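K.L.:
My structure file upload.cif, mmCIF, C-alpha atoms and all ligand atoms, is below:
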```
data_protein
loop_
_atom_site.label_atom_id
_atom_site.label_comp_id
_atom_site.auth_asym_id
_atom_site.auth_seq_id
_atom_site.Cartn_x
_atom_site.Cartn_y
_atom_site.Cartn_z
CA MET A 1 157.38 108.12 81.85
CA ARG A 2 154.12 108.13 83.81
CA LYS A 3 151.36 109.61 81.68
CA ALA A 4 147.78 110.36 82.73
CA VAL A 5 144.63 111.81 81.24
CA CYS A 6 142.20 114.17 83.03
CA PRO A 7 139.04 113.80 80.93
CA GLY A 8 135.90 115.88 81.15
CA SER A 9 133.39 118.11 79.43
CA PHE A 10 134.84 121.32 80.90
CA ASP A 11 131.84 123.43 79.86
CA PRO A 12 133.46 125.58 81.16
CA VAL A 13 136.58 124.74 83.18
CA THR A 14 136.19 125.69 86.87
CA ASN A 15 138.64 126.27 89.71
CA GLY A 16 137.71 122.77 90.91
CA HIS A 17 138.98 121.26 87.66
CA ILE A 18 142.20 123.27 87.91
CA ASP A 19 142.74 121.99 91.45
CA ILE A 20 142.58 118.39 90.18
CA VAL A 21 144.77 119.06 87.12
CA SER A 22 147.36 120.82 89.26
CA ARG A 23 147.52 117.96 91.75
CA ALA A 24 147.64 115.35 88.96
CA SER A 25 150.56 117.24 87.42
CA GLN A 26 152.52 116.62 90.61
CA LEU A 27 151.84 112.89 90.55
CA PHE A 28 152.51 112.17 86.86
CA ASP A 29 155.31 113.09 84.45
CA GLU A 30 152.82 114.12 81.79
CA VAL A 31 149.12 114.97 82.03
CA VAL A 32 146.77 115.39 79.07
CA VAL A 33 143.57 117.30 79.81
CA ALA A 34 141.12 115.80 77.33
CA VAL A 35 137.87 117.45 76.30
CA GLY A 36 135.36 114.73 75.47
CA VAL A 37 131.69 114.25 74.81
CA ASN A 38 129.35 113.28 77.62
CA LYS A 39 126.27 111.87 75.88
CA SER A 40 124.03 112.85 78.80
CA LYS A 41 125.04 116.50 78.43
CA ALA A 42 124.14 117.06 74.80
CA ARG A 43 123.62 120.82 74.83
CA ARG A 44 126.76 122.88 75.30
CA LEU A 45 127.36 126.51 76.18
CA PHE A 46 130.83 126.48 74.58
CA SER A 47 132.10 124.60 71.54
CA ALA A 48 134.87 122.02 71.98
CA GLU A 49 137.34 124.51 70.45
CA GLU A 50 136.33 127.24 72.90
CA ARG A 51 136.59 124.87 75.86
CA MET A 52 140.05 123.82 74.72
CA GLU A 53 141.15 127.45 74.29
CA MET A 54 140.09 128.25 77.86
CA LEU A 55 141.86 125.13 79.15
CA GLU A 56 145.06 125.94 77.25
CA LYS A 57 145.18 129.31 78.93
CA VAL A 58 144.58 128.04 82.46
CA CYS A 59 146.91 125.06 82.04
CA ALA A 60 149.78 127.18 80.69
CA PRO A 61 151.45 127.50 84.13
CA PHE A 62 151.83 123.71 84.34
CA PRO A 63 154.76 122.70 82.09
CA ASN A 64 153.86 119.00 81.98
CA VAL A 65 150.16 119.54 81.14
CA SER A 66 148.76 119.63 77.60
CA VAL A 67 145.22 119.92 76.24
CA ALA A 68 143.55 117.72 73.62
CA GLY A 69 140.10 116.94 72.33
CA PHE A 70 138.64 113.54 71.61
CA GLU A 71 135.55 112.03 70.07
CA GLY A 72 134.41 108.53 70.79
CA LEU A 73 135.62 106.41 73.65
CA LEU A 74 138.04 107.66 76.27
CA THR A 75 139.70 104.25 76.23
CA THR A 76 140.47 104.62 72.51
CA PHE A 77 142.09 107.98 73.25
CA CYS A 78 144.15 106.30 76.02
CA GLU A 79 145.32 103.57 73.67
CA GLN A 80 146.22 106.06 70.95
CA HIS A 81 148.30 108.14 73.37
CA GLY A 82 149.92 105.36 75.39
CA ILE A 83 148.03 106.40 78.55
CA ARG A 84 147.32 103.89 81.31
CA ALA A 85 145.97 106.21 84.03
CA ILE A 86 142.71 108.17 84.05
CA VAL A 87 142.50 110.83 86.76
CA LYS A 88 139.09 111.83 88.08
CA GLY A 89 138.18 114.22 90.87
CA LEU A 90 135.67 112.99 93.44
CA ARG A 91 133.60 115.70 95.07
CA ALA A 92 131.29 113.65 97.23
CA VAL A 93 129.82 110.19 97.70
CA SER A 94 127.18 111.14 95.14
CA ASP A 95 129.90 111.15 92.44
CA PHE A 96 131.18 107.76 93.44
CA ASP A 97 128.58 105.33 92.01
CA TYR A 98 128.79 106.71 88.48
CA GLU A 99 132.55 107.20 88.55
CA LEU A 100 133.11 103.66 89.84
CA GLN A 101 130.90 102.27 87.07
CA MET A 102 132.82 104.22 84.42
CA ALA A 103 136.18 103.20 85.92
CA GLN A 104 135.20 99.53 85.85
CA MET A 105 133.80 99.78 82.33
CA ASN A 106 136.93 101.54 81.08
CA SER A 107 139.26 98.98 82.65
CA SER A 108 137.18 96.16 81.16
CA LEU A 109 137.76 97.66 77.69
CA VAL A 110 141.51 98.33 77.80
CA ASP A 111 144.43 98.19 80.20
CA VAL A 112 143.77 101.41 82.16
CA GLU A 113 143.41 102.27 85.83
CA THR A 114 141.33 105.13 87.18
CA VAL A 115 142.92 107.19 89.93
CA PHE A 116 140.50 109.18 92.08
CA ILE A 117 141.66 112.43 93.66
CA PRO A 118 139.40 113.87 96.35
CA THR A 119 138.38 117.41 95.47
CA SER A 120 139.69 120.03 97.87
CA PRO A 121 136.90 120.83 100.37
CA GLU A 122 136.50 124.42 99.15
CA TYR A 123 135.44 123.06 95.74
CA SER A 124 133.28 120.14 96.87
CA PHE A 125 130.06 121.86 95.72
CA LEU A 126 131.48 123.13 92.45
CA ALA A 127 130.14 121.93 89.09
CA SER A 128 130.16 123.59 85.66
CA SER A 129 126.40 123.12 85.41
CA LEU A 130 125.80 125.01 88.68
CA VAL A 131 128.22 127.76 87.69
CA LYS A 132 126.23 128.26 84.47
CA GLU A 133 122.92 128.25 86.31
CA VAL A 134 124.05 130.75 88.95
CA ALA A 135 125.65 133.01 86.33
CA THR A 136 122.52 132.84 84.14
CA PHE A 137 120.51 134.37 86.96
CA GLY A 138 123.12 137.03 87.70
CA GLY A 139 124.82 135.35 90.67
CA ASP A 140 128.48 136.05 91.42
CA VAL A 141 130.68 133.18 90.22
CA SER A 142 133.91 135.18 90.12
CA GLY A 143 135.48 133.03 92.86
CA LEU A 144 134.61 129.79 91.05
CA VAL A 145 136.14 130.16 87.60
CA PRO A 146 139.34 131.77 86.24
CA PRO A 147 139.01 135.44 85.15
CA ASP A 148 139.18 134.68 81.40
CA VAL A 149 136.46 132.06 81.78
CA LEU A 150 134.31 134.52 83.73
CA THR A 151 134.61 137.06 80.90
CA ARG A 152 133.66 134.50 78.24
CA LEU A 153 130.84 133.10 80.36
CA THR A 154 129.33 136.53 80.98
CA GLN A 155 129.63 137.35 77.28
CA ARG A 156 128.10 134.07 76.08
CA LEU A 157 125.19 134.27 78.52
CA ALA A 158 124.51 137.85 77.43
CA GLU A 159 124.54 136.73 73.77
CA ARG A 160 122.15 133.91 74.60
CA ALA A 161 119.86 136.22 76.54
CA ALA A 162 119.88 138.75 73.68
CA ALA A 163 118.95 135.95 71.28
CA GLY A 164 116.08 135.04 73.61
CA GLU A 165 117.57 131.65 74.38
CA GLU A 166 117.73 130.05 77.78
CA ASP A 167 120.63 127.80 78.62
CA ARG A 168 119.31 124.30 79.15
CA SER A 169 122.70 122.56 79.10
O1 LIG B 1 132.92 116.27 82.89
P1 LIG B 1 132.09 115.05 82.59
O2 LIG B 1 130.86 115.42 81.79
O3 LIG B 1 131.75 114.25 83.82
O4 LIG B 1 133.02 114.13 81.64
C1 LIG B 1 132.56 112.87 81.26
C2 LIG B 1 133.46 112.27 80.16
C3 LIG B 1 133.48 113.17 78.95
C4 LIG B 1 134.86 112.09 80.72
C5 LIG B 1 132.83 110.88 79.85
O5 LIG B 1 131.48 111.05 79.49
C6 LIG B 1 133.60 110.16 78.75
O6 LIG B 1 134.60 109.54 79.03
N1 LIG B 1 133.07 110.27 77.51
C7 LIG B 1 133.68 109.67 76.36
C8 LIG B 1 132.83 108.48 75.86
C9 LIG B 1 133.15 107.23 76.66
O7 LIG B 1 134.26 106.76 76.73
N2 LIG B 1 132.08 106.66 77.28
C10 LIG B 1 132.16 105.46 78.07
C11 LIG B 1 132.39 105.77 79.53
S1 LIG B 1 132.51 104.30 80.48
#
```
Would you write the structure of this file as structure tokens?
P.N.:
Amino acid sequence: MRKAVCPGSFDPVTNGHIDIVSRASQLFDEVVVAVGVNKSKARRLFSAEERMEMLEKVCAPFPNVSVAGFEGLLTTFCEQHGIRAIVKGLRAVSDFDYELQMAQMNSSLVDVETVFIPTSPEYSFLASSLVKEVATFGGDVSGLVPPDVLTRLTQRLAERAAAGEEDRS
């Protein structure tokens, strides 16, 4: 049984993430989409539970994909779940340096390999942070996130605006 993890912050999940998860699900018997903590992105728009709820909905069409959350190291999660492959999407060369460093660090910690999947060209510019920024200023992101995510995003940004808060995540 070939098992892989697709880790990320998913704040929120975008169509680019779904593209990678969908393609990973064709390469592996079982794929776990794991919501983790990126220390450099401390401030979140959605809680871990909310991000997992959105992922569960969008991953429902893929029978071999499940959703989990983790705290701490990704490599610990891999060990606990008998996972030896980490799947990451690569959008551009700019992603590569950091992803390579993480891949090498992770494989120095435990017996895991990182498999890079090139993002489909139509999503090469897509990042959760940009989606949030564009949506905050009223831009149309309906083609970039699933409909349920769009609804929640619009709602959350309206709540934040009403509370006089700007999103700095
Ligand atoms: O979507 P992101 O923010 O690029 O996801 C990054 C994430 C959460 C996958 C990464 O920060 C991570 O693996 N965090 C868990 C802590 C960890 O293992 N850190 C060491 C990385 S070498």
K.L.:
Report as a PyMOL selection string which protein, DNA and RNA residues come within 10 Å of ligand LIG 1 (chain B), using all atoms listed in the file.
P.N.:
chain A and resi 5-13+17+34-42+70-78+86-89+95+98-109+127-129
K.L.:
Taking into account all atoms listed in the file, which residue in the set A:Ala60, A:Val67, A:Asp29, A:Tyr123 is nearest to Gly143 of chain A?
P.N.:
A:Tyr123
K.L.:
Show me, as a list in words, the residues that have an atom within 12 Å of Pro121 of chain A when counting only C-alpha atoms, minus same-chain residues fewer than 5 positions from it.
P.N.:
Gly16, Asp19, Ile20, Gly89, Leu90, Arg91, Ala92 and Leu126 of chain A
K.L.:
In Å, how far is it from atom CA of Ser66 of chain A to atom CA of Val149 of chain A?
P.N.:
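Answer for the atom CA of Ser66 of chain A to atom CA of Val149 of chain A separation: 18.0 Å.
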K.L.:
Which residue gives the smallest distance to Arg44 of chain A among A:Asn15, A:Leu150, A:Ala85, A:Arg156, with only C-alpha atoms counted?
P.N.:
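Nearest to Arg44 of chain A: A:Arg156.
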K.L.:
Using all atoms listed in the file, which of A:Phe96, A:Ser142, A:Phe62, A:Glu133 sits nearest Ile117 of chain A?
P.N.:
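Nearest candidate to Ile117 of chain A out of A:Phe96, A:Ser142, A:Phe62, A:Glu133: A:Phe96.
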K.L.:
In Å, how far is it from atom CA of Lys3 of chain A to atom CA of Arg84 of chain A?
P.N.:
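It comes out at 7.0 Å.
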K.L.:
In terms of the shortest atom-to-atom distance over only C-alpha atoms, which of A:Ala135, A:Val110, A:Val65, A:Leu27 is closest to Gln80 of chain A?
P.N.:
A:Val110
K.L.:
Out of A:Pro63, A:Glu50, A:Phe28, A:Ser22, which residue has the shortest atom-to-atom distance to Met1 of chain A when counting all atoms listed in the file?
P.N.:
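Among A:Pro63, A:Glu50, A:Phe28, A:Ser22, it is A:Phe28 that comes nearest to Met1 of chain A.
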K.L.:
Quick one: distance from atom CA of Glu30 of chain A to atom CA of Ala68 of chain A in Å, one decimal?
P.N.:
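Rounded to one decimal, the two atoms are 12.9 Å apart.
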K.L.:
Go through A:Gly82, A:Ala4, A:Arg23, A:Cys59 and flag the residue nearest Thr114 of chain A, using all atoms listed in the file for the distances.
P.N.:
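Comparing A:Gly82, A:Ala4, A:Arg23, A:Cys59 against Thr114 of chain A, the winner is A:Ala4.
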K.L.:
Would you pull segment 48-59 of chain A out of the block just shown and save all heavy atoms as an mmCIF file, in the first residue's frame?
P.N.:
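To be explicit, this is the file written out as out.cif:
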```
data_model
loop_
_atom_site.group_PDB
_atom_site.id
_atom_site.type_symbol
_atom_site.label_atom_id
_atom_site.label_comp_id
_atom_site.auth_asym_id
_atom_site.auth_seq_id
_atom_site.Cartn_x
_atom_site.Cartn_y
_atom_site.Cartn_z
ATOM 1 N N ALA A 48 -7.798 25.792 12.529
ATOM 2 C CA ALA A 48 -7.426 24.481 11.959
ATOM 3 C C ALA A 48 -8.683 23.658 11.683
ATOM 4 O O ALA A 48 -8.789 22.991 10.644
ATOM 5 C CB ALA A 48 -6.495 23.750 12.917
ATOM 6 N N GLU A 49 -9.663 23.731 12.585
ATOM 7 C CA GLU A 49 -10.909 22.955 12.419
ATOM 8 C C GLU A 49 -11.654 23.424 11.172
ATOM 9 O O GLU A 49 -12.145 22.614 10.395
ATOM 10 C CB GLU A 49 -11.815 23.105 13.652
ATOM 11 C CG GLU A 49 -11.294 22.441 14.917
ATOM 12 C CD GLU A 49 -10.084 23.158 15.535
ATOM 13 O OE1 GLU A 49 -9.936 24.391 15.328
ATOM 14 O OE2 GLU A 49 -9.280 22.494 16.214
ATOM 15 N N GLU A 50 -11.717 24.726 10.979
ATOM 16 C CA GLU A 50 -12.416 25.268 9.799
ATOM 17 C C GLU A 50 -11.694 24.860 8.511
ATOM 18 O O GLU A 50 -12.334 24.489 7.517
ATOM 19 C CB GLU A 50 -12.495 26.800 9.887
ATOM 20 C CG GLU A 50 -13.445 27.306 10.963
ATOM 21 C CD GLU A 50 -13.334 28.806 11.175
ATOM 22 O OE1 GLU A 50 -12.206 29.364 11.110
ATOM 23 O OE2 GLU A 50 -14.364 29.431 11.426
ATOM 24 N N ARG A 51 -10.374 24.925 8.550
ATOM 25 C CA ARG A 51 -9.613 24.548 7.343
ATOM 26 C C ARG A 51 -9.826 23.071 7.019
ATOM 27 O O ARG A 51 -9.955 22.692 5.854
ATOM 28 C CB ARG A 51 -8.118 24.850 7.555
ATOM 29 C CG ARG A 51 -7.829 26.334 7.485
ATOM 30 C CD ARG A 51 -6.381 26.635 7.720
ATOM 31 N NE ARG A 51 -6.101 26.857 9.121
ATOM 32 C CZ ARG A 51 -4.974 26.538 9.732
ATOM 33 N NH1 ARG A 51 -3.995 25.960 9.065
ATOM 34 N NH2 ARG A 51 -4.809 26.783 11.007
ATOM 35 N N MET A 52 -9.903 22.251 8.068
ATOM 36 C CA MET A 52 -10.125 20.816 7.848
ATOM 37 C C MET A 52 -11.540 20.556 7.318
ATOM 38 O O MET A 52 -11.731 19.714 6.442
ATOM 39 C CB MET A 52 -9.870 20.042 9.141
ATOM 40 C CG MET A 52 -8.385 19.914 9.433
ATOM 41 S SD MET A 52 -8.056 19.216 11.048
ATOM 42 C CE MET A 52 -8.727 17.594 10.865
ATOM 43 N N GLU A 53 -12.508 21.289 7.833
ATOM 44 C CA GLU A 53 -13.898 21.140 7.351
ATOM 45 C C GLU A 53 -13.975 21.439 5.858
ATOM 46 O O GLU A 53 -14.599 20.701 5.092
ATOM 47 C CB GLU A 53 -14.809 22.145 8.067
ATOM 48 C CG GLU A 53 -15.419 21.631 9.361
ATOM 49 C CD GLU A 53 -16.126 22.782 10.095
ATOM 50 O OE1 GLU A 53 -16.598 23.735 9.443
ATOM 51 O OE2 GLU A 53 -16.165 22.695 11.321
ATOM 52 N N MET A 54 -13.332 22.535 5.451
ATOM 53 C CA MET A 54 -13.358 22.919 4.025
ATOM 54 C C MET A 54 -12.667 21.850 3.184
ATOM 55 O O MET A 54 -13.141 21.466 2.111
ATOM 56 C CB MET A 54 -12.677 24.281 3.831
ATOM 57 C CG MET A 54 -13.493 25.429 4.369
ATOM 58 S SD MET A 54 -12.769 27.052 4.006
ATOM 59 C CE MET A 54 -11.793 27.330 5.467
ATOM 60 N N LEU A 55 -11.542 21.332 3.705
ATOM 61 C CA LEU A 55 -10.810 20.297 2.962
ATOM 62 C C LEU A 55 -11.627 19.020 2.854
ATOM 63 O O LEU A 55 -11.637 18.366 1.800
ATOM 64 C CB LEU A 55 -9.475 20.001 3.659
ATOM 65 C CG LEU A 55 -8.344 20.974 3.337
ATOM 66 C CD1 LEU A 55 -7.209 20.827 4.330
ATOM 67 C CD2 LEU A 55 -7.827 20.759 1.921
ATOM 68 N N GLU A 56 -12.307 18.652 3.940
ATOM 69 C CA GLU A 56 -13.107 17.415 3.913
ATOM 70 C C GLU A 56 -14.162 17.483 2.821
ATOM 71 O O GLU A 56 -14.386 16.522 2.098
ATOM 72 C CB GLU A 56 -13.730 17.145 5.275
ATOM 73 C CG GLU A 56 -12.879 16.161 6.058
ATOM 74 C CD GLU A 56 -13.024 16.264 7.563
ATOM 75 O OE1 GLU A 56 -14.035 16.827 8.019
ATOM 76 O OE2 GLU A 56 -12.113 15.791 8.261
ATOM 77 N N LYS A 57 -14.752 18.648 2.684
ATOM 78 C CA LYS A 57 -15.784 18.828 1.663
ATOM 79 C C LYS A 57 -15.185 18.707 0.251
ATOM 80 O O LYS A 57 -15.714 17.984 -0.595
ATOM 81 C CB LYS A 57 -16.439 20.194 1.852
ATOM 82 C CG LYS A 57 -17.753 20.326 1.185
ATOM 83 C CD LYS A 57 -18.578 21.416 1.835
ATOM 84 C CE LYS A 57 -19.954 21.454 1.224
ATOM 85 N NZ LYS A 57 -20.834 22.396 1.877
ATOM 86 N N VAL A 58 -14.075 19.403 0.018
ATOM 87 C CA VAL A 58 -13.529 19.393 -1.353
ATOM 88 C C VAL A 58 -12.831 18.076 -1.695
ATOM 89 O O VAL A 58 -12.700 17.739 -2.867
ATOM 90 C CB VAL A 58 -12.582 20.589 -1.645
ATOM 91 C CG1 VAL A 58 -13.310 21.898 -1.512
ATOM 92 C CG2 VAL A 58 -11.347 20.568 -0.796
ATOM 93 N N CYS A 59 -12.412 17.341 -0.664
ATOM 94 C CA CYS A 59 -11.730 16.060 -0.925
ATOM 95 C C CYS A 59 -12.713 14.891 -1.003
ATOM 96 O O CYS A 59 -12.310 13.776 -1.354
ATOM 97 C CB CYS A 59 -10.672 15.775 0.148
ATOM 98 S SG CYS A 59 -9.286 16.919 0.082
#
```
